[in-house]
$ cat structure-v9.csv   # CSV, C-alpha atoms and all ligand atoms
chain,number,residue,atom,x,y,z
A,1,MET,CA,114.8,33.9,53.3
A,2,ALA,CA,118.4,35.3,53.2
A,3,PRO,CA,119.6,36.4,49.8
A,4,LEU,CA,122.6,34.6,48.3
A,5,TYR,CA,124.4,37.8,47.2
A,6,SER,CA,124.5,41.2,48.8
A,7,PHE,CA,126.1,44.3,47.3
A,8,VAL,CA,127.4,46.9,49.7
A,9,ILE,CA,127.9,50.4,48.2
A,10,PRO,CA,129.0,53.5,50.1
A,11,VAL,CA,127.6,56.7,48.7
A,12,LEU,CA,128.7,60.3,49.3
A,13,ASP,CA,127.0,62.8,47.0
A,14,GLU,CA,126.7,60.5,44.0
A,15,ILE,CA,123.2,61.6,42.8
A,16,ALA,CA,124.4,61.7,39.2
A,17,ASN,CA,125.6,58.1,39.3
A,18,LEU,CA,122.8,56.3,41.1
A,19,GLU,CA,120.4,55.8,38.2
A,20,GLU,CA,123.0,54.3,36.0
A,21,LEU,CA,124.3,52.2,38.9
A,22,ALA,CA,120.8,50.8,39.6
A,23,THR,CA,120.3,49.9,35.9
A,24,ARG,CA,123.6,48.1,35.6
A,25,LEU,CA,123.2,46.3,38.9
A,26,ALA,CA,119.8,45.1,37.8
A,27,ASP,CA,121.3,43.3,34.8
A,28,VAL,CA,124.1,41.9,36.9
A,29,MET,CA,121.6,40.6,39.5
A,30,THR,CA,119.7,38.8,36.7
A,31,ALA,CA,122.9,37.3,35.4
A,32,LEU,CA,124.0,36.2,38.9
A,33,GLY,CA,121.0,33.9,39.1
A,34,GLY,CA,120.6,33.6,42.9
A,35,GLU,CA,118.5,36.0,45.0
A,36,CYS,CA,120.2,39.4,45.5
A,37,GLU,CA,120.0,42.5,47.5
A,38,VAL,CA,121.8,45.8,47.2
A,39,ILE,CA,122.6,48.0,50.2
A,40,LEU,CA,123.3,51.6,49.4
A,41,VAL,CA,124.8,53.4,52.4
A,42,ASP,CA,124.4,57.1,52.3
A,43,ASP,CA,127.4,58.5,54.2
A,44,GLY,CA,126.0,62.0,54.9
A,45,SER,CA,125.2,63.1,51.3
A,46,THR,CA,123.8,66.7,50.9
A,47,ASP,CA,122.8,66.4,47.2
A,48,GLY,CA,119.6,64.4,47.6
A,49,SER,CA,121.2,61.1,47.1
A,50,PHE,CA,119.1,59.5,49.8
A,51,GLU,CA,115.8,60.7,48.3
A,52,MET,CA,117.0,59.2,45.0
A,53,MET,CA,117.7,55.9,46.8
A,54,GLN,CA,114.2,55.9,48.2
A,55,GLU,CA,112.8,56.3,44.7
A,56,ILE,CA,115.0,53.6,43.4
A,57,HIS,CA,113.8,51.3,46.2
A,58,ALA,CA,110.2,52.0,45.3
A,59,ARG,CA,110.9,50.8,41.8
A,60,ASP,CA,113.2,47.9,42.7
A,61,PRO,CA,112.8,46.6,46.2
A,62,ARG,CA,115.9,44.6,46.0
A,63,ILE,CA,117.8,47.9,46.3
A,64,LYS,CA,117.8,49.0,49.9
A,65,ALA,CA,119.3,52.0,51.6
A,66,ILE,CA,120.7,53.1,54.9
A,67,ARG,CA,121.4,56.7,55.9
A,68,LEU,CA,124.1,57.4,58.4
A,69,SER,CA,123.6,60.3,60.8
A,70,ARG,CA,126.5,62.2,59.2
A,71,ASN,CA,129.6,61.6,57.1
A,72,PHE,CA,131.6,58.8,58.8
A,73,GLY,CA,134.0,58.1,55.9
A,74,HIS,CA,134.3,55.5,53.3
A,75,GLN,CA,135.5,52.6,55.4
A,76,LEU,CA,132.9,53.1,58.1
A,77,ALA,CA,130.1,53.5,55.5
A,78,ILE,CA,131.2,50.1,54.1
A,79,THR,CA,131.2,48.6,57.6
A,80,ALA,CA,127.6,49.9,58.2
A,81,GLY,CA,126.5,48.2,54.9
A,82,LEU,CA,128.3,45.0,55.8
A,83,GLU,CA,126.6,44.8,59.1
A,84,HIS,CA,123.2,44.9,57.4
A,85,ALA,CA,124.0,42.6,54.5
A,86,ARG,CA,122.5,39.1,54.8
A,87,GLY,CA,124.0,37.4,51.7
A,88,ARG,CA,126.2,34.4,51.8
A,89,ALA,CA,128.5,36.3,49.5
A,90,VAL,CA,128.9,40.0,49.9
A,91,ILE,CA,130.3,42.3,47.2
A,92,ILE,CA,131.8,45.6,48.1
A,93,MET,CA,132.1,48.3,45.4
A,94,ASP,CA,132.1,52.0,44.8
A,95,ALA,CA,129.0,54.0,43.6
A,96,ASP,CA,130.8,56.0,40.9
A,97,LEU,CA,131.0,53.0,38.5
A,98,GLN,CA,134.8,53.0,38.7
A,99,ASP,CA,134.3,49.4,39.7
A,100,PRO,CA,132.3,47.9,36.9
A,101,PRO,CA,129.3,46.0,38.4
A,102,GLU,CA,129.7,43.3,35.7
A,103,ILE,CA,133.0,42.2,37.3
A,104,ALA,CA,130.9,40.9,40.1
A,105,LEU,CA,130.1,37.9,37.8
A,106,GLU,CA,133.7,37.0,37.7
A,107,LEU,CA,134.1,37.4,41.4
A,108,ALA,CA,131.1,35.2,42.0
A,109,GLU,CA,132.5,32.6,39.7
A,110,LYS,CA,135.7,32.4,41.9
A,111,TRP,CA,133.5,32.3,45.0
A,112,ARG,CA,131.6,29.3,43.7
A,113,GLU,CA,135.0,27.6,43.0
A,114,GLY,CA,135.5,27.8,46.7
A,115,PHE,CA,137.4,31.0,47.5
A,116,ASP,CA,136.5,33.1,50.6
A,117,VAL,CA,137.9,36.4,49.5
A,118,VAL,CA,138.0,37.4,45.9
A,119,TYR,CA,139.6,40.8,45.5
A,120,ALA,CA,139.6,42.8,42.3
A,121,VAL,CA,143.1,43.9,41.2
A,122,ARG,CA,143.4,47.2,39.2
A,123,GLU,CA,145.2,46.7,36.0
A,124,ALA,CA,144.7,50.1,34.5
A,125,ARG,CA,143.3,53.2,36.0
A,126,ASP,CA,141.4,55.6,33.8
A,127,GLY,CA,140.7,59.2,34.6
A,128,GLU,CA,142.9,59.4,37.7
A,129,SER,CA,145.6,62.0,38.0
A,130,ARG,CA,149.2,61.0,37.6
A,131,ILE,CA,149.9,62.1,41.2
A,132,LYS,CA,147.2,59.8,42.5
A,133,ARG,CA,148.5,56.8,40.5
A,134,GLN,CA,152.1,57.5,41.5
A,135,THR,CA,151.4,58.0,45.2
A,136,ALA,CA,149.2,54.9,45.2
A,137,LYS,CA,152.0,52.9,43.7
A,138,TRP,CA,154.5,54.2,46.3
A,139,PHE,CA,152.0,53.5,49.1
A,140,TYR,CA,151.4,49.9,48.0
A,141,ARG,CA,155.1,49.3,47.8
A,142,LEU,CA,155.7,50.8,51.3
A,143,MET,CA,152.8,48.8,52.7
A,144,GLY,CA,154.3,45.6,51.1
A,145,ARG,CA,157.6,46.4,52.9
A,146,LEU,CA,156.3,47.4,56.3
A,147,GLY,CA,153.1,45.4,56.6
A,148,GLU,CA,152.8,42.5,59.0
A,149,VAL,CA,150.1,40.8,56.9
A,150,ASP,CA,150.4,40.4,53.1
A,151,ILE,CA,147.9,42.8,51.7
A,152,PRO,CA,147.6,42.3,47.9
A,153,PRO,CA,148.9,45.4,46.1
A,154,ASP,CA,146.7,47.3,43.7
A,155,ALA,CA,143.6,45.9,45.2
A,156,GLY,CA,141.1,48.3,46.7
A,157,ASP,CA,137.9,47.5,48.6
A,158,PHE,CA,136.2,46.2,45.5
A,159,ARG,CA,135.9,42.5,46.3
A,160,LEU,CA,133.6,39.6,47.1
A,161,VAL,CA,133.8,38.1,50.6
A,162,ASP,CA,132.3,34.9,51.9
A,163,ARG,CA,130.1,35.0,55.0
A,164,ARG,CA,132.7,33.4,57.2
A,165,ALA,CA,135.4,35.9,56.3
A,166,LEU,CA,132.9,38.7,56.7
A,167,ASP,CA,131.7,37.6,60.1
A,168,SER,CA,135.3,37.5,61.3
A,169,VAL,CA,136.0,41.1,60.1
A,170,LEU,CA,132.7,42.3,61.6
A,171,ALA,CA,133.9,40.8,64.9
A,172,MET,CA,136.8,43.2,64.9
A,173,PRO,CA,135.7,46.3,66.8
A,174,GLU,CA,138.5,48.7,65.7
A,175,HIS,CA,137.7,52.2,64.7
A,176,HIS,CA,140.5,53.0,62.3
A,177,ARG,CA,139.5,50.4,59.8
A,178,TYR,CA,141.7,49.5,56.9
A,179,LEU,CA,139.3,46.9,55.5
A,180,ARG,CA,141.5,45.5,52.8
A,181,GLY,CA,144.0,44.8,55.5
A,182,LEU,CA,141.4,43.2,57.9
A,183,PHE,CA,140.2,41.0,55.1
A,184,ALA,CA,143.8,39.9,54.3
A,185,TRP,CA,144.4,39.2,58.0
A,186,VAL,CA,141.4,36.8,58.1
A,187,GLY,CA,143.2,34.3,55.8
A,188,TYR,CA,141.3,31.3,54.4
A,189,ASP,CA,141.4,31.0,50.6
A,190,GLN,CA,141.9,34.2,48.8
A,191,THR,CA,142.4,35.1,45.2
A,192,GLY,CA,142.4,38.0,42.8
A,193,VAL,CA,140.7,38.9,39.6
A,194,HIS,CA,142.2,41.5,37.3
A,195,TYR,CA,140.1,44.3,36.0
A,196,HIS,CA,140.3,47.6,34.2
A,197,ARG,CA,139.4,50.4,36.6
A,198,ALA,CA,137.1,52.8,34.7
A,199,ALA,CA,136.9,56.5,35.0
A,200,ARG,CA,134.2,58.0,37.2
A,201,HIS,CA,130.8,57.9,35.5
A,202,ALA,CA,129.9,61.4,36.8
A,203,GLY,CA,130.8,63.8,39.7
A,204,SER,CA,134.2,64.2,41.3
A,205,THR,CA,136.4,62.3,43.7
A,206,LYS,CA,135.4,62.4,47.4
A,207,PHE,CA,139.0,61.7,48.4
A,208,PRO,CA,141.0,64.9,48.6
A,209,LEU,CA,144.7,64.6,49.5
A,210,ARG,CA,144.1,65.1,53.2
A,211,LYS,CA,141.7,62.1,53.4
A,212,MET,CA,144.1,60.0,51.4
A,213,LEU,CA,147.0,60.7,53.7
A,214,GLY,CA,144.8,59.9,56.7
A,215,PHE,CA,143.8,56.6,55.1
A,216,ALA,CA,147.4,55.8,54.3
A,217,ALA,CA,148.4,56.4,57.9
A,218,ASP,CA,145.6,54.2,59.1
A,219,GLY,CA,146.8,51.4,56.8
A,220,ILE,CA,150.4,51.6,58.0
A,221,VAL,CA,149.8,52.2,61.7
A,222,SER,CA,147.1,49.4,61.9
A,223,PHE,CA,149.3,46.9,60.2
A,224,SER,CA,152.9,47.7,61.0
A,225,MET,CA,155.1,48.4,64.0
A,226,ALA,CA,157.9,49.3,61.6
A,227,PRO,CA,157.7,53.1,62.3
A,228,LEU,CA,158.2,52.5,66.0
A,229,ARG,CA,161.1,50.2,65.3
A,230,ILE,CA,162.7,52.7,62.9
A,231,ALA,CA,162.5,55.2,65.7
A,232,LEU,CA,164.3,52.9,68.1
A,233,SER,CA,167.0,52.1,65.5
A,234,LEU,CA,167.4,55.8,64.9
A,235,GLY,CA,167.9,56.4,68.6
A,236,PHE,CA,170.6,53.7,68.8
A,237,LEU,CA,172.3,55.1,65.7
A,238,VAL,CA,172.5,58.6,67.1
A,239,SER,CA,173.6,57.4,70.5
A,240,PHE,CA,176.5,55.4,69.0
A,241,ALA,CA,177.5,58.3,66.8
A,242,SER,CA,177.7,60.6,69.8
A,243,ILE,CA,179.7,58.1,71.8
A,244,PHE,CA,182.1,57.8,68.9
A,245,LEU,CA,182.4,61.6,68.7
A,246,GLY,CA,183.1,61.8,72.4
A,247,VAL,CA,185.9,59.3,72.1
A,248,LEU,CA,187.2,61.1,69.1
A,249,ALA,CA,187.3,64.4,71.0
A,250,VAL,CA,189.3,62.8,73.9
A,251,VAL,CA,191.8,61.3,71.4
A,252,LEU,CA,192.2,64.6,69.6
A,253,LYS,CA,192.8,66.4,72.9
A,254,LEU,CA,195.4,63.9,74.1
A,255,THR,CA,197.3,63.8,70.9
A,256,GLY,CA,197.4,67.6,70.8
A,257,LEU,CA,195.6,67.8,67.4
A,258,TYR,CA,192.6,69.6,68.9
A,259,ALA,CA,192.2,73.0,67.3
A,260,ALA,CA,189.9,75.8,68.3
A,261,PRO,CA,186.6,74.5,69.8
A,262,GLY,CA,183.9,74.6,67.0
A,263,TRP,CA,180.5,75.8,67.9
A,264,ALA,CA,179.2,74.8,64.5
A,265,SER,CA,179.4,71.1,65.2
A,266,LEU,CA,177.7,71.7,68.6
A,267,VAL,CA,174.8,73.6,67.0
A,268,VAL,CA,174.4,71.0,64.3
A,269,GLY,CA,174.5,68.2,66.8
A,270,VAL,CA,172.0,69.7,69.1
A,271,SER,CA,169.5,70.7,66.4
A,272,LEU,CA,169.8,67.3,64.7
A,273,LEU,CA,169.0,65.6,67.9
A,274,GLY,CA,166.1,68.0,68.5
A,275,GLY,CA,164.7,67.2,65.1
A,276,ILE,CA,165.1,63.5,65.5
A,277,GLN,CA,163.4,63.6,68.9
A,278,LEU,CA,160.4,65.5,67.5
A,279,VAL,CA,160.0,63.1,64.6
A,280,VAL,CA,160.1,60.1,67.0
A,281,LEU,CA,157.6,61.7,69.3
A,282,GLY,CA,155.3,62.4,66.4
A,283,VAL,CA,155.5,58.7,65.4
A,284,ILE,CA,154.7,57.6,68.9
A,285,GLY,CA,151.9,60.2,68.9
A,286,GLU,CA,150.3,58.5,65.8
A,287,TYR,CA,150.0,55.3,67.8
A,288,VAL,CA,148.9,56.9,71.0
A,289,ALA,CA,146.2,58.9,69.2
A,290,ARG,CA,144.8,55.7,67.8
A,291,ILE,CA,144.9,54.0,71.2
A,292,HIS,CA,143.0,57.0,72.5
A,293,GLU,CA,140.4,56.6,69.8
A,294,GLU,CA,139.9,53.0,70.5
A,295,VAL,CA,139.6,53.2,74.3
A,296,LYS,CA,136.8,55.7,74.0
A,297,ARG,CA,134.7,52.8,72.7
A,298,ARG,CA,132.3,55.0,70.8
A,299,PRO,CA,130.0,53.2,68.3
A,300,LEU,CA,131.5,53.1,64.8
A,301,PHE,CA,128.6,54.9,63.1
A,302,LEU,CA,125.0,55.9,63.8
A,303,VAL,CA,122.2,54.9,61.4
A,304,ARG,CA,119.5,57.6,60.9
A,305,ASP,CA,117.1,55.8,58.4
A,306,ALA,CA,116.8,52.5,56.8
A,307,VAL,CA,114.8,51.7,53.7
A,308,GLY,CA,113.7,48.2,52.7
A,309,LEU,CA,115.6,46.5,55.5
A,310,ASP,CA,113.6,44.2,57.7
A,311,GLN,CA,113.0,45.0,61.3
A,312,GLU,CA,115.8,42.8,62.7
A,313,SER,CA,118.6,44.1,60.6
A,314,ALA,CA,117.5,47.7,60.8
A,315,ALA,CA,117.1,47.6,64.6
A,316,VAL,CA,119.9,50.1,65.1
A,317,VAL,CA,117.8,53.0,63.9
A,318,ALA,CA,116.9,55.0,66.9
A,319,ASP,CA,113.1,55.3,67.5
A,320,HIS,CA,112.3,58.9,66.9
A,321,SER,CA,108.5,58.6,66.7
A,322,TYR,CA,107.9,60.7,69.8
A,323,ARG,CA,108.5,63.7,67.6
A,324,ASP,CA,105.7,62.8,65.2
A,325,GLY,CA,102.9,65.3,65.3
A,326,LEU,CA,104.8,68.1,67.0
A,327,ALA,CA,104.4,71.3,65.1
B,401,LIG,N1,132.6,57.8,49.8
B,401,LIG,C1,131.9,57.7,51.0
B,401,LIG,N2,132.3,58.5,52.0
B,401,LIG,C2,133.3,59.3,52.0
B,401,LIG,C3,134.1,59.4,50.7
B,401,LIG,C4,133.7,58.6,49.7
B,401,LIG,O1,130.9,56.9,51.1
B,401,LIG,O2,133.6,60.0,52.9
B,401,LIG,C5,132.2,56.9,48.7
B,401,LIG,C6,132.0,57.6,47.3
B,401,LIG,O3,130.6,58.0,47.2
B,401,LIG,C7,132.3,56.4,46.4
B,401,LIG,C8,133.4,55.6,47.1
B,401,LIG,O4,133.2,56.0,48.5
B,401,LIG,O5,131.2,55.6,46.1
B,401,LIG,C9,134.8,55.9,46.6
B,401,LIG,O6,135.0,57.3,46.7
B,401,LIG,P1,135.7,58.1,45.5
B,401,LIG,O7,135.2,57.6,44.2
B,401,LIG,O8,135.4,59.6,45.7
B,401,LIG,O9,137.2,57.8,45.7
B,401,LIG,P2,138.3,57.6,44.5
B,401,LIG,O10,137.7,56.5,43.6
B,401,LIG,O11,138.4,58.9,43.9
B,401,LIG,O12,139.5,57.1,45.3
B,402,MG,MG,136.0,56.6,42.6
$ encode --input "structure-v9.csv" --output "structure tokens" --more "lines below"
Ligand code: UDP
Ligand code: MG
Amino acid sequence: MAPLYSFVIPVLDEIANLEELATRLADVMTALGGECEVILVDDGSTDGSFEMMQEIHARDPRIKAIRLSRNFGHQLAITAGLEHARGRAVIIMDADLQDPPEIALELAEKWREGFDVVYAVREARDGESRIKRQTAKWFYRLMGRLGEVDIPPDAGDFRLVDRRALDSVLAMPEHHRYLRGLFAWVGYDQTGVHYHRAARHAGSTKFPLRKMLGFAADGIVSFSMAPLRIALSLGFLVSFASIFLGVLAVVLKLTGLYAAPGWASLVVGVSLLGGIQLVVLGVIGEYVARIHEEVKRRPLFLVRDAVGLDQESAAVVADHSYRDGLA
């Protein structure tokens, strides 16, 4: 019997949050009514989170766990969970309780009204640095300008998705996954629910600036050609400017106004061009690097262990039993 609701929760070193998460989820599952499952995805934790998940599963078999073979990153950890979820409605949320599990009740309400994707929109953000809030704001604005699909601003991955939207996203094999963009791309009926994003329950953020920048680049490059087009426009602009300068030089010479030849303008012109060319090459490189990643066709993630999942959905775990009994 497939459950009605699945929760998919990526976990990287969240041992201090798991107990509280399990307790609050248990209440939410009772309130939801239908049969529920929770899939915790351990994305290469080193703090014993997975052992804790096994304990939790022993107490409450609705809470299941997958362990990836190493850290694959937030988006791929979510993808791994989504592939194992069997619910008709699947709720994605973080493990640090910044996304209050109780909001799932409101998301489910909208789902029952007929929506396929119900994303949670952040109204306030507690406990996040000003820099993070400000850069997030700029990023959503930029994405709104450049993006080729309308991705709702201020909505993260916290959302409920219906089976048909989920299956469409799972059919997309891309490696650099910007899930909120992929779910927007799918279409159908989508709506948002506003919520107050809480501060982390315990622990610290697993998203340092470097990871955030990489994630932002994935979002833009996966959903916009604008950077390439800007490069092209820049090329045209500089070319026209140089033609104009050339004509101007001839005119000045012919009219006798031409003074001593200036090396400064030459140096500035050459270095400006050099700079622009490098920037443009870098932009193209961003796209080429992603093409390279995709053509390698590596699997998105590897599953090391699965707890509580039935044979069929856990079939991806490599059989390692030939090592049993070796000293
Ligand atoms: N996470 C993960 N893999 C990573 C980074 C983060 O599974 O490589 C998980 C993390 O445990 C948390 C969620 O993704 O449940 C969101 O991460 P975090 O709270 O650190 O991000 P922030 O809320 O600070 O943006
Ligand atoms: Mg968080």
$ closest_atom_pairs --input "structure-v9.csv" --of "chain A" --to "ligand MG 402 (chain B)" --cutoff "8 Å" --atoms "only C-alpha atoms and all ligand atoms" --output "tab-separated table"
residue	atom	partner	partner_atom	distance
A:Asp94	CA	B:MG402	MG	6.4
A:Ala95	CA	B:MG402	MG	7.5
A:Asp96	CA	B:MG402	MG	5.5
A:Leu97	CA	B:MG402	MG	7.4
A:Gln98	CA	B:MG402	MG	5.4
A:Asp99	CA	B:MG402	MG	7.9
A:Ala199	CA	B:MG402	MG	7.7
A:Arg200	CA	B:MG402	MG	5.9
A:Ser204	CA	B:MG402	MG	7.9
A:Thr205	CA	B:MG402	MG	5.8
A:Lys206	CA	B:MG402	MG	7.6
$ residues_near_ligand --input "structure-v9.csv" --ligand "ligand LIG 401 (chain B)" --cutoff "9 Å" --atoms "only C-alpha atoms and all ligand atoms" --output "PyMOL selection string"
chain A and resi 9-14+41-45+71-78+93-99+128+132+199-200+203-208+211-212
$ atom_distance --input "structure-v9.csv" --atom1 "atom CA of Ala184 of chain A" --atom2 "atom CA of Tyr119 of chain A"
9.8 Å
$ closest_residue --input "structure-v9.csv" --among "A:Ala198, A:His320, A:Val250, A:His175" --to "Glu293 of chain A" --atoms "all atoms listed in the file"
A:His175
$ residues_around --input "structure-v9.csv" --residues "Arg297 of chain A" --least-positions-apart "6" --cutoff "12 Å" --atoms "only C-alpha atoms" --output "VMD selection string"
chain A and resid 173 to 176 290 to 291
$ closest_residue --input "structure-v9.csv" --among "A:Arg86, A:Met1, A:Ser168, A:Met52" --to "Asn17 of chain A" --atoms "all atoms listed in the file"
A:Met52
$ residues_around --input "structure-v9.csv" --residues "Gln54 of chain A" --least-positions-apart "2" --cutoff "9 Å" --atoms "all atoms listed in the file" --output "list of chain:residue names"
A:Ser49, A:Phe50, A:Glu51, A:Met52, A:Ile56, A:His57, A:Ala58, A:Arg59, A:Ile63, A:Lys64, A:Ala65, A:Val307, A:Gly308
$ write_last_selection --input "structure-v9.csv" --atoms "C-alpha atoms" --output "mmCIF file, keeping the file's coordinate frame"
data_model
loop_
_atom_site.group_PDB
_atom_site.id
_atom_site.type_symbol
_atom_site.label_atom_id
_atom_site.label_comp_id
_atom_site.auth_asym_id
_atom_site.auth_seq_id
_atom_site.Cartn_x
_atom_site.Cartn_y
_atom_site.Cartn_z
ATOM 1 C CA SER A 49 121.200 61.100 47.100
ATOM 2 C CA PHE A 50 119.100 59.500 49.800
ATOM 3 C CA GLU A 51 115.800 60.700 48.300
ATOM 4 C CA MET A 52 117.000 59.200 45.000
ATOM 5 C CA ILE A 56 115.000 53.600 43.400
ATOM 6 C CA HIS A 57 113.800 51.300 46.200
ATOM 7 C CA ALA A 58 110.200 52.000 45.300
ATOM 8 C CA ARG A 59 110.900 50.800 41.800
ATOM 9 C CA ILE A 63 117.800 47.900 46.300
ATOM 10 C CA LYS A 64 117.800 49.000 49.900
ATOM 11 C CA ALA A 65 119.300 52.000 51.600
ATOM 12 C CA VAL A 307 114.800 51.700 53.700
ATOM 13 C CA GLY A 308 113.700 48.200 52.700
#
$ atom_distance --input "structure-v9.csv" --atom1 "atom CA of His292 of chain A" --atom2 "atom CA of Ala217 of chain A"
15.6 Å
$ closest_residue --input "structure-v9.csv" --among "A:Lys253, A:Lys296, A:Arg197, A:Arg323" --to "Pro101 of chain A" --atoms "only C-alpha atoms"
A:Arg197
$ closest_residue --input "structure-v9.csv" --among "A:Leu40, A:Glu148, A:Val193, A:Arg163" --to "Glu109 of chain A" --atoms "all atoms listed in the file"
A:Val193
$ residues_near_point --input "structure-v9.csv" --point "(138.5, 44.0, 52.4)" --cutoff "7 Å" --atoms "only C-alpha atoms" --output "list of chain:residue names"
A:Asp157, A:Arg159, A:Leu179, A:Arg180, A:Gly181, A:Leu182, A:Phe183, A:Ala184
$ closest_residue --input "structure-v9.csv" --among "A:Asp60, A:Val279, A:Leu160, A:Gly256" --to "Ile230 of chain A" --atoms "all atoms listed in the file"
A:Val279
$ atom_distance --input "structure-v9.csv" --atom1 "atom CA of Leu300 of chain A" --atom2 "atom CA of Tyr287 of chain A"
18.9 Å
$ closest_residue --input "structure-v9.csv" --among "A:Cys36, A:Met225, A:Leu266, A:Val186" --to "Asp150 of chain A" --atoms "all atoms listed in the file"
A:Val186
$ residues_around --input "structure-v9.csv" --residues "Leu170 of chain A" --least-positions-apart "5" --cutoff "9 Å" --atoms "all atoms listed in the file" --output "JSON, numbers by chain"
{"A": [79, 82, 83, 165]}
$ residues_around --input "structure-v9.csv" --residues "Phe139 of chain A" --least-positions-apart "6" --cutoff "10 Å" --atoms "all atoms listed in the file" --output "MDAnalysis selection string"
chainID A and resid 133 145 153:154 213 216:217 219:220
$ build_atoms --input "structure-v9.csv" --residues "segment 67-73 of chain A" --atoms "all heavy atoms" --output "PDB file, in the coordinates of the input"
ATOM      1  N   ARG A  67     120.788  55.337  55.781  1.00  0.00           N
ATOM      2  CA  ARG A  67     121.400  56.700  55.900  1.00  0.00           C
ATOM      3  C   ARG A  67     122.078  56.814  57.194  1.00  0.00           C
ATOM      4  O   ARG A  67     121.456  56.662  58.242  1.00  0.00           O
ATOM      5  CB  ARG A  67     120.288  57.738  55.706  1.00  0.00           C
ATOM      6  CG  ARG A  67     120.812  59.125  55.997  1.00  0.00           C
ATOM      7  CD  ARG A  67     120.058  60.213  55.285  1.00  0.00           C
ATOM      8  NE  ARG A  67     118.700  60.354  55.770  1.00  0.00           N
ATOM      9  CZ  ARG A  67     118.010  61.491  55.711  1.00  0.00           C
ATOM     10  NH1 ARG A  67     118.581  62.576  55.199  1.00  0.00           N
ATOM     11  NH2 ARG A  67     116.775  61.545  56.144  1.00  0.00           N
ATOM     12  N   LEU A  68     123.354  57.140  57.171  1.00  0.00           N
ATOM     13  CA  LEU A  68     124.100  57.400  58.400  1.00  0.00           C
ATOM     14  C   LEU A  68     123.757  58.810  58.901  1.00  0.00           C
ATOM     15  O   LEU A  68     123.300  59.655  58.128  1.00  0.00           O
ATOM     16  CB  LEU A  68     125.591  57.232  58.202  1.00  0.00           C
ATOM     17  CG  LEU A  68     126.043  55.856  57.674  1.00  0.00           C
ATOM     18  CD1 LEU A  68     127.569  55.771  57.619  1.00  0.00           C
ATOM     19  CD2 LEU A  68     125.490  54.728  58.542  1.00  0.00           C
ATOM     20  N   SER A  69     124.012  59.053  60.176  1.00  0.00           N
ATOM     21  CA  SER A  69     123.600  60.300  60.800  1.00  0.00           C
ATOM     22  C   SER A  69     124.478  61.500  60.300  1.00  0.00           C
ATOM     23  O   SER A  69     124.109  62.659  60.456  1.00  0.00           O
ATOM     24  CB  SER A  69     123.600  60.240  62.275  1.00  0.00           C
ATOM     25  OG  SER A  69     124.918  60.022  62.733  1.00  0.00           O
ATOM     26  N   ARG A  70     125.642  61.200  59.748  1.00  0.00           N
ATOM     27  CA  ARG A  70     126.500  62.200  59.200  1.00  0.00           C
ATOM     28  C   ARG A  70     127.584  61.508  58.351  1.00  0.00           C
ATOM     29  O   ARG A  70     127.499  60.297  58.179  1.00  0.00           O
ATOM     30  CB  ARG A  70     127.208  63.025  60.308  1.00  0.00           C
ATOM     31  CG  ARG A  70     128.102  62.170  61.197  1.00  0.00           C
ATOM     32  CD  ARG A  70     128.905  63.031  62.150  1.00  0.00           C
ATOM     33  NE  ARG A  70     129.590  62.247  63.161  1.00  0.00           N
ATOM     34  CZ  ARG A  70     130.756  61.634  62.998  1.00  0.00           C
ATOM     35  NH1 ARG A  70     131.384  61.683  61.834  1.00  0.00           N
ATOM     36  NH2 ARG A  70     131.313  60.937  63.969  1.00  0.00           N
ATOM     37  N   ASN A  71     128.559  62.245  57.862  1.00  0.00           N
ATOM     38  CA  ASN A  71     129.600  61.600  57.100  1.00  0.00           C
ATOM     39  C   ASN A  71     130.610  60.911  58.056  1.00  0.00           C
ATOM     40  O   ASN A  71     131.226  61.554  58.908  1.00  0.00           O
ATOM     41  CB  ASN A  71     130.383  62.671  56.270  1.00  0.00           C
ATOM     42  CG  ASN A  71     131.528  62.064  55.497  1.00  0.00           C
ATOM     43  OD1 ASN A  71     132.687  62.219  55.870  1.00  0.00           O
ATOM     44  ND2 ASN A  71     131.224  61.343  54.446  1.00  0.00           N
ATOM     45  N   PHE A  72     130.693  59.597  57.944  1.00  0.00           N
ATOM     46  CA  PHE A  72     131.600  58.800  58.800  1.00  0.00           C
ATOM     47  C   PHE A  72     132.835  58.370  58.030  1.00  0.00           C
ATOM     48  O   PHE A  72     133.732  57.784  58.607  1.00  0.00           O
ATOM     49  CB  PHE A  72     130.900  57.629  59.407  1.00  0.00           C
ATOM     50  CG  PHE A  72     130.025  57.960  60.585  1.00  0.00           C
ATOM     51  CD1 PHE A  72     128.703  58.324  60.397  1.00  0.00           C
ATOM     52  CD2 PHE A  72     130.528  57.927  61.877  1.00  0.00           C
ATOM     53  CE1 PHE A  72     127.892  58.641  61.479  1.00  0.00           C
ATOM     54  CE2 PHE A  72     129.731  58.250  62.963  1.00  0.00           C
ATOM     55  CZ  PHE A  72     128.406  58.603  62.763  1.00  0.00           C
ATOM     56  N   GLY A  73     132.843  58.584  56.743  1.00  0.00           N
ATOM     57  CA  GLY A  73     134.000  58.100  55.900  1.00  0.00           C
ATOM     58  C   GLY A  73     133.731  56.814  55.253  1.00  0.00           C
ATOM     59  O   GLY A  73     132.940  55.996  55.722  1.00  0.00           O
TER      60      GLY A  73
END
